Structure formats: C-alpha cells, structure tokens
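Worksheet for the structure shown next.
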Amino acid sequence: MILSYIYNILKFKKWEVFFFVTVFIGLKWSKIITFKADVNHLTELEKCPACFGISACSYIHNVDITPHDFYSAFSYIFGAKNVFLGTLNGSKVILKKLAHTSELNEFDRVVCENKNLSRICTRNSEKIDHSNDINFYELIEQQVTLHFTKDNLNRLRVCPSVKHLSNLLHQIYLSNENYDSDALDISIWMLTVLNPEPLLLQILPSHNNWPVPKYYGACGRIIIEEYVGLPLTSYYNEPWLLRAKIASGLLNSAYMFTYGSDEFGFYLTDISADNIAVDSNYNAKFVDLENVIVVDKNIVLEERSTTWNELQENTESLNCSECIVFSPIDICSHKVSDHNYYAICKTLLALNIDDNVLPGGLLHDVPADILKTYPNMQYLIQQCVTPQKPFTRITAGMQLKQLLNVIVQGQD
C-alpha cells in the first residue's frame, strides 16, 4: 500500500515536471521563431564614454543579427559568451561584447564605487567634467604595465618601458581623430581592463597583411569585425597538402608577430587551435587577441638588460606534449623572443600532440611519397619544438616554412 502510494506521487510529479518543461520549451521556441534581434539593444550606447567607442554607430543599424536557424537563435538567447554572427552589406561579420555579462556588470560596479572614476558611472546623470584631475592616459599606462604576478590575466602588457606607448596607439588615435580625445582615452583604458582585442586589431590592421580579422569599428559596448571562416580544427581531416599550406601560413604569422614591426614585437600568450580561423583562401588568422605581450624594441640603452640583444629562447620543460610554459619577464628582457614559434610549433604542428583537438598535430599522417622526397621535414618540425644547436626555433621554423612552400608548389 505504502509503495503504491509513493509510486503514484512520483508518477504525478514526473508528469508535472514534464508538463512544466514542455511549457518552458514551448515558450522559448515561440520566442525564437517570432522575435527579431535588436542590435541597438546590444550596444548599450547609453553607457558611453565607459564603452568601446562610437566609430560604427552610424551604420551599426544595418547589421542584421536575426537568427536564421535554431543554432544561432539558441546562441543568441542562451549564449554566455556575447558573440553574435551577423551580416553587413551582404558580408558575414562577428559582433562581440568582449566579456561575459557578469564581467561587464562587475566593471560597472567597480567604476561606480571608485571615487575617482564615478564621473563615468552610468548611474550618474552628470556629464563628463573635463576639468576632473583624473588622467585616463596615465591609467592606460598603469594598466598595461601591471606586474605579471599581480593578477591572473595577461591581457595587454607593454614592456620593458611605456615611453613609446603613444607610438603603439598612434593608429588608434589617427582612426578616431574626430572622437573626443578624453572619451577616446576612457575607451582605450576600458579595453585594456576588459579585453584589448579591438586595440590590437587597429594596431595590426588586416589591410597591412597582419594575420587578423578586419576591424569595422565599435558602437557602445559592441564591436564589429570580419567573419574569417571556420576554425582551424575544422581542417584537421582535410587533404595533407591543404593542411601544409595552412601550416606555412601559421609559421609566417609567427614571423610577422615577431619581426613585422621595427618598433614592437607582439607575443601571443594564448595560441590555440580554437583561437585561429581559416579564410576562403586558406589563410590562417588569429581571431582572439585578448592576451598579448608587446615588447618595445627601441628602448634607451640605460633601460636595456644585459641580455637584451640575445635571442630569448624558451627552455621550459613540461611533461605535457601540448602545454606551453613561458616566462613573461624573460620575454620582456630581450629584444627578440622565439615565443611565437614555440607556441605555434608545440601546440599546432608537433607530431606528438596527443590532445583531443589536434591529435598528431595539423601535419599528421604525412603521405609516404612526401616523406620519401622530403625526409628533412619531420626533423625541422621537431627542431621548431625542441631545438638543438646549431638550430634555433626561429631558423628551424623559417626553414620549415620554406620547405612546406616548396612541397605545396611542387604538387600544384
């Protein structure tokens, strides 16, 4: 009798739960198929100048982010990453809020509770008082020079000096010359705190052949950038020659970030297959530039370390084939580091990678005829991961790129 009674209760509760779940899904689904996404709502333009900028505000209403399938609708309503796919003048674009909603709310809380920053608090009805003593350019300097041990996030770090910071930011100021200078400094400071990707996309513009997406601009707390294509992981099972072409591009990216500027070296500290996309011409582009160390190559003699002119070589060892370990302090103590080659070769190209993303590396399963014709290739890959004298990672990486180009061109 008792067991029967309990069973009836459970049976009722089961159908009760099923009923409420069905109603919930029905309501959500009706919302998905009937609503039209409002890009203007995402911008939160009312929070400027504590925002990312206004350069795209004149045309952001032309961006269509209305979900056209269940996946995009689900991502729009339930997604926590605040990344949206849209179209602008017939081209696919990506819209980013650059942080989780909780992170943006926490930023607002800190700003509003900070006495010196409260003038840009969105809860304040007062307009910006340009006579305020606070200097946001100085806050930018402070943020990009935070000691690496002071927080758990790398973000954007400029070292070993910020005396040429204005040179680094020159293109940003030039592109926003019609924007109020004080408001622009506030936006730049906010991005150094939350996510400096838009800054790097302007410092390293795609039209100058940097391997990054095109940056369209910002409006409020949303940025628009080019949709590059599918992630690198989608090419894992593509024909080997195609993967070899992509690998050559990755090694070229290592060279560009290291040597592409006479003024600064750019070292990406979060290189992974998930942060790289491949365009329609099979060019790899880095779509997540949140964590970057920028080394000023032209500091004065008095500020140079004793090892300044020596190549910084990563000698860290770790019993993890796909893990990377590096010393930001060592990178900042040298004019040139092999970090970009180290990260790309070890996490993307090494033949002994055993993770679930790129097992065996991007160049896995080398065709037998290519191995026979070019027996030096696997040796160069290994030297790029763990070099032995007289090789350095950079010389091995450069030779590997040249060899891959020869192989690809020879098979055309």
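How things are named: the first chain in the structure tokens is A, the next is B, and so on; residues count from 1 in each chain; ligands count from 1 in the order shown.
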Residues near region 155-169 of chain A, cut-off 8 Å, only C-alpha atoms, skip fewer than 6 positions along chain, as a list in words: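 The residues that qualify are Glu141, Gln143, Val144, Thr145, Leu146, Thr192, Val193, Leu194, Asn195, Pro196, Leu199, Ile203, Phe264, Glu290, Asn291, Val292, Ile293, Val294, Val295, Asp296, Ile299, Glu303, Cys332 and Ser333 of chain A.
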Against region 49-67 of chain A, which residues of region 157-268 of chain A fall within 6 Å? For each one I want the closest pair of atoms and the distance in Å (one decimal), counting only C-alpha atoms, rows by chain and increasing residue number, as CSV.
```
residue,atom,partner,partner_atom,distance
A:Ala183,CA,A:Pro49,CA,5.5
A:Ser187,CA,A:Phe52,CA,5.0
A:Gly217,CA,A:Ala56,CA,4.8
A:Ala218,CA,A:Ala56,CA,4.9
A:Cys219,CA,A:Ile54,CA,4.3
A:Gly220,CA,A:Cys51,CA,5.1
A:Arg221,CA,A:Cys51,CA,5.1
```
Write out the residues from the selection above, keeping C-alpha atoms, as a PDB file, in the first residue's frame.
```pdb
ATOM      1  CA  ALA A 183      36.358  59.932 -24.274  1.00  0.00           C
ATOM      2  CA  SER A 187      37.520  53.721 -24.158  1.00  0.00           C
ATOM      3  CA  GLY A 217      34.560  49.617 -35.539  1.00  0.00           C
ATOM      4  CA  ALA A 218      32.688  49.918 -32.275  1.00  0.00           C
ATOM      5  CA  CYS A 219      29.374  51.252 -31.096  1.00  0.00           C
ATOM      6  CA  GLY A 220      28.792  51.404 -27.392  1.00  0.00           C
ATOM      7  CA  ARG A 221      29.657  48.054 -25.893  1.00  0.00           C
TER       8      ARG A 221
END
```
Neighbour list for Asp182 (chain A) as a ChimeraX atom specification, cut-off 9 Å, only C-alpha atoms, skip fewer than 2 positions in-chain: /A:49,130,135-137,179-180,184-187
Residue neighbourhood region 228-241 of chain A, 9 Å, only C-alpha atoms, exclusion window fewer than 4 positions, as a PyMOL selection string: chain A and resi 92-94+212-214+245-246+273-280+284-285+287+357-359+361-367+404+407-408+411
Give me a file of those residues, with N, CA and C atoms, as a compact mmCIF listing (two decimals), in the first residue's frame.
```txt
# COMPACT_ATOMS: atom_id res chain seq x y z
N LYS A 92 29.39 38.46 -44.05
CA LYS A 92 29.27 37.97 -42.68
C LYS A 92 30.20 38.74 -41.76
N VAL A 93 29.70 39.08 -40.59
CA VAL A 93 30.51 39.78 -39.59
C VAL A 93 30.28 39.12 -38.23
N ILE A 94 31.20 39.39 -37.33
CA ILE A 94 31.08 38.93 -35.95
C ILE A 94 30.91 40.16 -35.06
N VAL A 212 45.06 38.88 -39.01
CA VAL A 212 43.97 39.11 -38.07
C VAL A 212 42.72 39.50 -38.86
N PRO A 213 41.54 39.42 -38.24
CA PRO A 213 40.32 39.85 -38.93
C PRO A 213 40.29 41.35 -39.17
N LYS A 214 39.54 41.76 -40.17
CA LYS A 214 39.32 43.19 -40.41
C LYS A 214 38.46 43.76 -39.28
N LYS A 245 49.67 23.97 -46.53
CA LYS A 245 49.57 25.38 -46.90
C LYS A 245 49.16 26.22 -45.70
N ILE A 246 48.21 25.73 -44.92
CA ILE A 246 47.77 26.45 -43.73
C ILE A 246 48.91 26.53 -42.72
N ALA A 273 44.29 26.16 -31.23
CA ALA A 273 43.52 25.91 -32.44
C ALA A 273 42.15 26.58 -32.38
N ASP A 274 41.62 26.75 -31.18
CA ASP A 274 40.30 27.38 -31.03
C ASP A 274 40.34 28.88 -31.31
N ASN A 275 41.52 29.48 -31.24
CA ASN A 275 41.64 30.93 -31.41
C ASN A 275 42.10 31.32 -32.81
N ILE A 276 42.05 30.36 -33.73
CA ILE A 276 42.50 30.60 -35.10
C ILE A 276 41.40 30.17 -36.06
N ALA A 277 41.14 31.00 -37.08
CA ALA A 277 40.17 30.66 -38.12
C ALA A 277 40.88 30.69 -39.47
N VAL A 278 40.29 30.05 -40.45
CA VAL A 278 40.89 29.96 -41.79
C VAL A 278 39.93 30.57 -42.81
N ASP A 279 40.45 31.50 -43.63
CA ASP A 279 39.57 32.17 -44.60
C ASP A 279 39.42 31.35 -45.87
N SER A 280 38.72 31.91 -46.84
CA SER A 280 38.40 31.17 -48.07
C SER A 280 39.63 30.88 -48.92
N ALA A 284 45.40 31.40 -42.41
CA ALA A 284 45.06 31.33 -41.00
C ALA A 284 45.10 32.73 -40.39
N LYS A 285 44.09 33.06 -39.62
CA LYS A 285 44.03 34.36 -38.96
C LYS A 285 43.71 34.16 -37.48
N VAL A 287 41.92 35.08 -34.28
CA VAL A 287 40.65 35.75 -34.02
C VAL A 287 40.43 36.04 -32.54
N VAL A 357 42.08 17.88 -29.57
CA VAL A 357 41.78 18.91 -30.55
C VAL A 357 42.50 18.64 -31.87
N LEU A 358 43.82 18.48 -31.79
CA LEU A 358 44.61 18.19 -32.99
C LEU A 358 45.55 17.01 -32.71
N PRO A 359 45.04 15.84 -32.48
CA PRO A 359 45.93 14.69 -32.19
C PRO A 359 46.90 14.44 -33.34
N GLY A 361 48.94 16.65 -34.37
CA GLY A 361 49.27 17.93 -34.98
C GLY A 361 48.57 18.16 -36.31
N LEU A 362 48.61 19.39 -36.79
CA LEU A 362 47.95 19.74 -38.05
C LEU A 362 48.55 18.97 -39.22
N LEU A 363 49.84 18.61 -39.13
CA LEU A 363 50.53 17.92 -40.23
C LEU A 363 50.59 16.40 -40.04
N HIS A 364 49.62 15.87 -39.32
CA HIS A 364 49.60 14.42 -39.07
C HIS A 364 49.45 13.64 -40.37
N ASP A 365 49.82 12.37 -40.32
CA ASP A 365 49.66 11.45 -41.46
C ASP A 365 50.28 11.98 -42.74
N VAL A 366 51.58 12.27 -42.67
CA VAL A 366 52.29 12.77 -43.86
C VAL A 366 52.30 11.67 -44.92
N PRO A 367 51.91 11.98 -46.15
CA PRO A 367 51.94 10.97 -47.22
C PRO A 367 53.33 10.37 -47.39
N LEU A 404 57.76 23.69 -46.73
CA LEU A 404 56.34 23.48 -46.97
C LEU A 404 55.90 24.19 -48.25
N ILE A 407 57.02 22.10 -51.16
CA ILE A 407 56.18 20.90 -51.31
C ILE A 407 54.83 21.26 -51.94
N VAL A 408 54.19 22.30 -51.43
CA VAL A 408 52.88 22.68 -51.92
C VAL A 408 52.95 23.12 -53.39
N GLN A 411 53.43 20.33 -55.93
CA GLN A 411 52.30 19.43 -56.14
C GLN A 411 51.16 20.10 -56.91
```
Interatomic distance (Å, one decimal) between CA of Ile172 (chain A) and CA of Phe148 (chain A):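 Going from CA of Ile172 (chain A) over to CA of Phe148 (chain A) covers 25.1 Å.
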Strand (DSSP E) positions in region 174-338 of chain A, given as a list in words: Tyr215, Tyr216, Gly217, Ala218, Cys219, Ile222, Ile223, Ile224, Glu225, Glu226, Phe264, Gly265, Phe266, Tyr267, Leu268, Ile276, Ala277, Val278, Ala284, Lys285, Phe286, Val292, Ile293, Val294, Val295 and Asp296 of chain A
Non-local contacts of His339 (chain A) (8 Å; only C-alpha atoms; under 3 positions in same chain excluded) as a list in words: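 The neighbour list is Tyr267, Glu313, Asn314, Phe326, Ile331, Tyr342 and Ala343 of chain A.
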Selection: 8 Å around Val83 (chain A), only C-alpha atoms, excl. self and same-chain fewer than 3 positions, as a ChimeraX atom specification: /A:79,94-98
Save out the residues we just selected, all heavy atoms, as a PDB file, in the first residue's frame.
```pdb
ATOM      1  N   GLY A  79      23.309  31.985 -25.038  1.00  0.00           N
ATOM      2  CA  GLY A  79      24.769  32.066 -25.054  1.00  0.00           C
ATOM      3  C   GLY A  79      25.306  33.012 -23.995  1.00  0.00           C
ATOM      4  O   GLY A  79      24.756  34.074 -23.748  1.00  0.00           O
ATOM      5  N   ILE A  94      31.200  39.394 -37.333  1.00  0.00           N
ATOM      6  CA  ILE A  94      31.082  38.934 -35.954  1.00  0.00           C
ATOM      7  C   ILE A  94      30.912  40.155 -35.059  1.00  0.00           C
ATOM      8  O   ILE A  94      31.638  41.139 -35.181  1.00  0.00           O
ATOM      9  CB  ILE A  94      32.336  38.150 -35.525  1.00  0.00           C
ATOM     10  CG1 ILE A  94      32.470  36.870 -36.344  1.00  0.00           C
ATOM     11  CG2 ILE A  94      32.292  37.819 -34.037  1.00  0.00           C
ATOM     12  CD1 ILE A  94      31.410  35.827 -36.076  1.00  0.00           C
ATOM     13  N   LEU A  95      29.940  40.090 -34.170  1.00  0.00           N
ATOM     14  CA  LEU A  95      29.745  41.133 -33.165  1.00  0.00           C
ATOM     15  C   LEU A  95      30.146  40.578 -31.808  1.00  0.00           C
ATOM     16  O   LEU A  95      29.743  39.464 -31.462  1.00  0.00           O
ATOM     17  CB  LEU A  95      28.294  41.606 -33.129  1.00  0.00           C
ATOM     18  CG  LEU A  95      27.845  42.530 -34.275  1.00  0.00           C
ATOM     19  CD1 LEU A  95      27.565  41.714 -35.540  1.00  0.00           C
ATOM     20  CD2 LEU A  95      26.607  43.322 -33.886  1.00  0.00           C
ATOM     21  N   LYS A  96      30.938  41.339 -31.080  1.00  0.00           N
ATOM     22  CA  LYS A  96      31.415  40.880 -29.780  1.00  0.00           C
ATOM     23  C   LYS A  96      31.178  41.949 -28.718  1.00  0.00           C
ATOM     24  O   LYS A  96      31.405  43.121 -28.959  1.00  0.00           O
ATOM     25  CB  LYS A  96      32.916  40.569 -29.829  1.00  0.00           C
ATOM     26  CG  LYS A  96      33.318  39.437 -30.747  1.00  0.00           C
ATOM     27  CD  LYS A  96      34.824  39.200 -30.684  1.00  0.00           C
ATOM     28  CE  LYS A  96      35.258  38.035 -31.555  1.00  0.00           C
ATOM     29  NZ  LYS A  96      36.736  37.810 -31.466  1.00  0.00           N
ATOM     30  N   LYS A  97      30.764  41.480 -27.542  1.00  0.00           N
ATOM     31  CA  LYS A  97      30.686  42.366 -26.382  1.00  0.00           C
ATOM     32  C   LYS A  97      31.949  42.273 -25.536  1.00  0.00           C
ATOM     33  O   LYS A  97      32.070  42.967 -24.520  1.00  0.00           O
ATOM     34  CB  LYS A  97      29.445  42.056 -25.540  1.00  0.00           C
ATOM     35  CG  LYS A  97      28.135  42.242 -26.310  1.00  0.00           C
ATOM     36  CD  LYS A  97      26.959  42.525 -25.391  1.00  0.00           C
ATOM     37  CE  LYS A  97      27.016  43.938 -24.848  1.00  0.00           C
ATOM     38  NZ  LYS A  97      25.778  44.331 -24.146  1.00  0.00           N
ATOM     39  N   LEU A  98      32.861  41.400 -25.942  1.00  0.00           N
ATOM     40  CA  LEU A  98      34.219  41.311 -25.404  1.00  0.00           C
ATOM     41  C   LEU A  98      34.322  40.782 -23.970  1.00  0.00           C
ATOM     42  O   LEU A  98      35.427  40.653 -23.445  1.00  0.00           O
ATOM     43  CB  LEU A  98      34.926  42.676 -25.480  1.00  0.00           C
ATOM     44  CG  LEU A  98      35.080  43.243 -26.891  1.00  0.00           C
ATOM     45  CD1 LEU A  98      35.702  44.640 -26.820  1.00  0.00           C
ATOM     46  CD2 LEU A  98      35.942  42.331 -27.747  1.00  0.00           C
TER      47      LEU A  98
END
```
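The closest residue to Lys115 (chain A), picked from A:Ile134, A:Leu400, A:Lys297, A:Pro390 and counting only C-alpha atoms, is A:Ile134.
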Backbone-only DSSP, helix (DSSP H, G or I) members of region 312-374 of chain A, as a PyMOL selection string: chain A and resi 328-332+339-349+368-373
